[in-house]
Each structure stands twice: as C-alpha cells, then as structure tokens.
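Everything on this sheet refers to the single structure shown next.
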Amino acid sequence: EEAVEQGPQLSLEQASLGVVAAGGRRALGPAGPMPPPAMTPLPPGRITLRDARRGTTRDVKLKPFEIAIHPLHGPDTGLPVAPLTWFDAAALCNALSATEGLQPAYAHAADRRSITWDPAADGYRVPTEAEWEYACRAGTTAPTYGALEDVAWTSLDDLQGPQPVGQKKANPWGLHDMLGNVWEWCWDYADPARYGDYRSLRGGGWADEPWSVRASVRRGSAPDAVLEDVGLRLARGLVGSPGQAQGWSHEADRQRAAICGPLPVGWTPLREIFA
C-alpha cells in the first residue's frame with residue numbers, strides 16, 4: 001500500500017496571498033488577510049449529469065453539504081483569486097482548513113501529483129461535479145438559472161478580465177457567479193480514459209461565448225495548467241467514505257482508465273491510477 005503524507009501546509013499569510021506551494025508560483029490573490037469564506041448549506045437531493053462527449057447520462061443522489069456563496073476572492077477588491085491551478089486549489093483548501101482547525105480534506109502521495117480525498121474530513125475542498133451542478137442549477141432545469149446577461153459575466157460584456165464577485169444576480173439558492181466570471185475546479189477527472197489526469201472545470205469565464213456558459217457544460221485541463229480565467233469555489237461536508245462520495249467513485253475511474261485495445265489518436269489513459 002502506497003504511503004501518503006499530508007499535502008503542503010501553507011501559512012495563513014501564504015493562503016491569504018494565494019501563494020502556490022506546488023510550484024512556488026504566486027497566484028493573483030488578495031493583498032490582505034482572508035476572512036473565513038461565507039458558506040451556505042444545501043439540502044440533500046438528486047442531479048442528472050450528462051456527458052455529451054461520451055453520450056452518457058447518470059443520476060446522482062447527494063448528501064447535504066456546504067458550498068461558498070461566491071468564488072474565492074480578495075476581501076478588498078472582491079476579485080476572484082485567479083489564476084489557480086488544480087494543485088493550487090487543493091493546497092489552498094488544506095491551508096484554509098488548517099487556519100480554522102478543520103481536518104484537511106487532501107493528502108499528497110510521494111510523487112506530489114497524486115492527491116487523495118478523505119470525504120469524511122470536515123475541511124474545505126473543491127466540489128464534485130455533481131455537487132457543483134446541483135448547486136448551480138438550484139432546482140432549475142434550463143441551461144442557465146436566469147437570463148445570461150443578468151446572472152453571468154461573459155463575452156457579451158466585452159471585458160478584459162474577471163469582475164468583483166456578487167455583482168450579478170444570484171441563483172435561487174443565493175449563490176453568485178456560478179456561471180461566468182471564472183471557471184471553477186471540481187474534484188472529478190475530466191475523463192481518465194481520454195485525458196489522463198486532467199480535472200474538470202465548470203461554469204464558464206468572463207471571455208467565453210454564451211454557448212459555453214451553461215450549467216451542463218464541462219471542460220477539462222491539466223492540474224498544473226495556469227489559466228487566467230480559472231478560480232475556486234469552496235465546499236465542505238462529511239459526505240462519504242474513502243473512494244466514493246457525491247457522484248465520484250475511485251473504482252469507476254480505475255475501470256474507465258483500464259480501457260484496452262487500439263485507442264483513438266490522442267487518447268492518454270490514466271495508467272498511473274493503478275500504481
């Protein structure tokens with residue numbers, strides 16, 4: 001069994017500044033102390049996830065959890081903390097958990113790229129895709145939870161960068177900027193058969209066309225990719241046991257990555273998941 005150790009623990013000052021432990025890079029972040037994020041509890045429920053590329057649909061039953069009302073942002077400017085890699089997001093989650101005396105959700109393996117999640121930890125974390133879409137839709141069924149120009153910053157606004165959070169209308173559950181402004185990292189792999197260790201992104205960004213800013217749209221990117229329109233929305237909650245929670249399953253990832261036979265050009269199965 002592979003030994004794991006706790007991921008890099010940032011100081012409160014580092015976490016407040018958005019300092020990235022994984023690569024020593026300083027992300028664009030707030031210049032002062034970061035107050036505890038404003039979280040809201042969400043009730044248990046169900047969500048149907050659709051993957052257009054794979055042509056699949058699955059229903060997920062969710063336990064209650066908490067999610068941030070806004071993307072992680074600077075207390076002075078209100079601007080989303082961006083760019084953040086997926087590794088940055090995991091490190092910041094653990095650092096913020098440590099400052100509040102919460103159990104860190106993530107642990108790093110020796111290779112520093114493999115991260116495990118303990119769904120029984122009470123610390124901050126990124127949401128699963130099922131949690132994210134459930135929170136975004138807030139009981140609605142249309143592609144967006146309101147007229148896009150009213151609820152999201154997109155290419156329609158002809159912007160040069162992200163905008164302070166909370167300026168557009170919230171969804172029915174009081175969550176702001178679930179669509180537009182910055183993409184938000186999720187826990188799930190984009191597709192461990194096709195894209196290796198790419199992680200999922202949701203929500204769309206300030207420069208995206210309207211067709212890309214919808215509740216069901218999913219995008220994937222490398223966990224160390226630096227993208228100017230990518231940020232983080234925090235989640236919390238004791239929602240499962242190691243290896244399975246809130247629509248995510250390690251075993252399902254392993255089965256998907258075990259794809260055999262001739263592969264389409266460009267497919268890179270995540271063989272490291274079997275290490």
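Residue numbering restarts at 1 in every chain; chains get A, B, ... in the order shown in the structure tokens, and ligands count up from 1 in that same order.
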Do you know which residues are at most 9 Å from segment 124-129 of chain A counting only C-alpha atoms, after dropping those on the same chain fewer than 3 positions away, and could you put them as a VMD selection string?
chain A and resid 49 67 89 to 90 92 to 97 102 to 106 117 121 132 to 134 184 to 188 200 to 202 218 232 to 237 245 to 248
Using only C-alpha atoms, determine which residues lie at most 12 Å from Val165 of chain A, disregarding the query and same-chain residues fewer than 3 positions distant; provide the list as a PyMOL selection string.
chain A and resi 68-81+151-153+162+168-170+175-182+206+231+233
I need the residues of segment 140-213 of chain A that end up classed as alpha helix (DSSP H) by DSSP on the backbone, written out as a list in words.
Leu148, Glu149, Asp150 and Val151 of chain A
Atom pair atom CA of Pro44 of chain A + atom CA of Asp253 of chain A, distance 24.2 Å
